[in-house]
Amino acid sequence: MVSLAARYERGEYVAVWEELRHRSVSAADSAAVAEATMQRAARNIDVVVDRLGAVGWRWAYPEMARQAPTDADLQAITAVEERLGPLPAELRACLMYVGEVWLCGTLPGWEPPWFAFGDLEAYPASGDPLVLPSAAWLAAELTEWDSNEWVEPKRPWRFGFAPDEFHKAGISGGTHDMVLPAGAADPPLLGVEYREGVTLVEYLRASLAHGGFAGAEFMAAPPALLAGIGGALVPF
């Protein structure tokens, strides 16, 4: 019998993740698929960052466009799992291979702009740029949550995985959340506009298909730049 990891490597990207979500498989097989997935996603995100930079993207947080995982992040994964138990395979692999990502910003000349910088004169468009947390951020959030408990840390915990579409545009909003611990290999992200029940892998695919901006899918006339970037990426 061919393993899920082998099937994934030969191109059955969507089918393999559907099986991971709907039937029981070994932790080793889940981890192998998740790691292959996030390695491909990381390469795609690097392409997105390079393409945006090449056309003069005005980064909201240029130092955090993509920060690859550090040794401290890898240590943070271990520390978190000591307190929460095993992380979902796709989240663990994302923390290990992708790291922190903040695509927030705008291309000068876009009207309306896609981020509310201080000189903003028009309400920004909600492009939902890709934002991913580092393992260090996850560990810090868990530590803060647990420190507020008098007797015993409350579980499950709703982790603020990323800002929501409004916060990503530089205006007041909420968060995209993930409930931890979770038994599924690819649990849902909560609070994602128009995408009820979307999982992290599904969300990453939607985002990168539109050049790193999942909100472009719901725009009547999204910028052609993003379709061009999305078309240059490898499937995962």
# chains A, B, ... in the order shown; residues from 1 in each chain; ligands from 1
>>> select_by_dssp(residues="region 168-217 of chain A", states="alpha helix (DSSP H)", output="ChimeraX atom specification")
/A:168,200-209
>>> residues_around(residues="region 115-128 of chain A", least_positions_apart="3", cutoff="6 Å", atoms="only C-alpha atoms", output="PDB file with N, CA and C atoms, in the first residue's frame")
ATOM      1  N   GLY A 105       0.309  45.519   3.843  1.00  0.00           N
ATOM      2  CA  GLY A 105       0.857  46.681   3.168  1.00  0.00           C
ATOM      3  C   GLY A 105       0.016  47.034   1.957  1.00  0.00           C
ATOM      4  N   THR A 106       0.584  47.781   1.041  1.00  0.00           N
ATOM      5  CA  THR A 106      -0.130  48.187  -0.161  1.00  0.00           C
ATOM      6  C   THR A 106       0.857  48.536  -1.253  1.00  0.00           C
ATOM      7  N   PRO A 112      -8.760  52.075  -3.505  1.00  0.00           N
ATOM      8  CA  PRO A 112      -8.200  52.475  -2.213  1.00  0.00           C
ATOM      9  C   PRO A 112      -6.950  51.664  -1.886  1.00  0.00           C
ATOM     10  N   GLU A 165      -9.184  40.226   8.978  1.00  0.00           N
ATOM     11  CA  GLU A 165      -9.052  40.991   7.744  1.00  0.00           C
ATOM     12  C   GLU A 165      -8.948  42.499   7.994  1.00  0.00           C
ATOM     13  N   ALA A 169      -5.547  45.218   7.651  1.00  0.00           N
ATOM     14  CA  ALA A 169      -5.590  46.439   6.840  1.00  0.00           C
ATOM     15  C   ALA A 169      -5.234  47.674   7.660  1.00  0.00           C
ATOM     16  N   GLY A 170      -4.891  47.469   8.940  1.00  0.00           N
ATOM     17  CA  GLY A 170      -4.471  48.586   9.779  1.00  0.00           C
ATOM     18  C   GLY A 170      -5.591  49.314  10.474  1.00  0.00           C
ATOM     19  N   PHE A 213      -3.056  36.905  -0.820  1.00  0.00           N
ATOM     20  CA  PHE A 213      -4.152  37.762  -0.351  1.00  0.00           C
ATOM     21  C   PHE A 213      -5.482  37.050  -0.586  1.00  0.00           C
ATOM     22  N   ALA A 214      -5.917  36.301   0.421  1.00  0.00           N
ATOM     23  CA  ALA A 214      -7.123  35.481   0.272  1.00  0.00           C
ATOM     24  C   ALA A 214      -8.353  36.315  -0.031  1.00  0.00           C
ATOM     25  N   GLY A 215      -8.395  37.557   0.458  1.00  0.00           N
ATOM     26  CA  GLY A 215      -9.554  38.406   0.221  1.00  0.00           C
ATOM     27  C   GLY A 215      -9.761  38.783  -1.227  1.00  0.00           C
ATOM     28  N   ALA A 216      -8.718  38.656  -2.050  1.00  0.00           N
ATOM     29  CA  ALA A 216      -8.847  39.006  -3.470  1.00  0.00           C
ATOM     30  C   ALA A 216      -9.867  38.116  -4.176  1.00  0.00           C
TER      31      ALA A 216
END
>>> residues_around(residues="Thr143 (chain A)", least_positions_apart="2", cutoff="12 Å", atoms="only C-alpha atoms", output="ChimeraX atom specification")
/A:76,79-80,83-84,136-141,145-149,153-154,157,159
>>> residues_around(residues="Ala5 (chain A)", least_positions_apart="6", cutoff="9 Å", atoms="only C-alpha atoms", output="VMD selection string")
chain A and resid 16 29 to 34 36
>>> residues_around(residues="Arg21 (chain A)", least_positions_apart="3", cutoff="7 Å", atoms="only C-alpha atoms", output="ChimeraX atom specification")
/A:17-18,184-186
>>> residues_around(residues="Ala162 (chain A)", least_positions_apart="2", cutoff="6 Å", atoms="only C-alpha atoms", output="list in words")
Gly160, Thr175 and His176 of chain A
>>> atom_distance(atom1="CA of Leu130 (chain A)", atom2="CA of Ala206 (chain A)")
10.0 Å
>>> closest_residue(among="A:His167, A:Ser134, A:Tyr61, A:Met178", to="Thr199 (chain A)", atoms="only C-alpha atoms")
A:Met178
>>> atom_distance(atom1="CA of Leu103 (chain A)", atom2="CA of Pro163 (chain A)")
11.8 Å
>>> closest_residue(among="A:Pro88, A:Gly211, A:Pro223, A:Pro235", to="Val179 (chain A)", atoms="only C-alpha atoms")
A:Pro88
>>> atom_distance(atom1="CA of Ala42 (chain A)", atom2="CA of Met1 (chain A)")
29.3 Å
>>> closest_residue(among="A:Leu226, A:Ala220, A:Ala15, A:Leu91", to="Val49 (chain A)", atoms="only C-alpha atoms")
A:Leu226
>>> closest_residue(among="A:Val55, A:Met96, A:Val48, A:Glu82", to="Leu208 (chain A)", atoms="only C-alpha atoms")
A:Val48
>>> select_by_dssp(residues="region 60-203 of chain A", states="strand (DSSP E)", output="JSON, numbers by chain")
{"A": [66, 67, 100, 101, 102, 105, 106, 131, 132, 157, 158, 159, 160, 161, 162, 163, 175, 176, 177, 178, 179, 180]}
>>> closest_residue(among="A:Ala135, A:Val25, A:Val2, A:Leu87", to="Gln67 (chain A)", atoms="only C-alpha atoms")
A:Ala135
>>> closest_residue(among="A:Ala28, A:Glu12, A:Arg40, A:Leu132", to="Pro69 (chain A)", atoms="only C-alpha atoms")
A:Leu132
>>> decode(residues="region 120-162 of chain A", atoms="C-alpha atoms", output="compact mmCIF listing (two decimals), in the first residue's frame")
# COMPACT_ATOMS: atom_id res chain seq x y z
CA LEU A 120 -4.32 57.36 4.70
CA GLU A 121 -7.11 59.45 3.18
CA ALA A 122 -9.42 56.62 2.07
CA TYR A 123 -10.79 53.55 3.87
CA PRO A 124 -8.51 50.61 3.01
CA ALA A 125 -9.52 47.59 0.99
CA SER A 126 -9.64 44.28 2.87
CA GLY A 127 -7.29 42.06 0.89
CA ASP A 128 -6.69 39.69 3.83
CA PRO A 129 -2.89 39.47 3.45
CA LEU A 130 -1.28 36.33 4.74
CA VAL A 131 -0.14 36.54 8.37
CA LEU A 132 1.30 33.54 10.18
CA PRO A 133 2.58 33.35 13.77
CA SER A 134 5.99 32.25 14.97
CA ALA A 135 6.35 29.47 17.52
CA ALA A 136 7.80 32.01 19.95
CA TRP A 137 4.58 34.05 19.63
CA LEU A 138 2.47 30.96 20.27
CA ALA A 139 4.52 30.15 23.38
CA ALA A 140 4.28 33.72 24.68
CA GLU A 141 0.51 33.81 24.19
CA LEU A 142 0.08 30.48 25.98
CA THR A 143 2.26 31.66 28.87
CA GLU A 144 0.20 34.84 29.24
CA TRP A 145 -3.06 32.88 29.11
CA ASP A 146 -1.94 30.37 31.72
CA SER A 147 -0.53 33.06 34.02
CA ASN A 148 -4.01 34.51 34.42
CA GLU A 149 -5.40 31.28 35.86
CA TRP A 150 -5.45 30.95 39.64
CA VAL A 151 -5.60 27.18 39.99
CA GLU A 152 -5.32 25.25 36.74
CA PRO A 153 -4.88 26.44 33.13
CA LYS A 154 -8.11 26.25 31.16
CA ARG A 155 -8.26 23.90 28.20
CA PRO A 156 -9.14 24.00 25.40
CA TRP A 157 -7.52 27.33 24.62
CA ARG A 158 -8.53 29.66 21.78
CA PHE A 159 -5.24 30.85 20.29
CA GLY A 160 -5.26 34.20 18.47
CA PHE A 161 -3.54 32.74 15.40
CA ALA A 162 -3.51 35.96 13.35
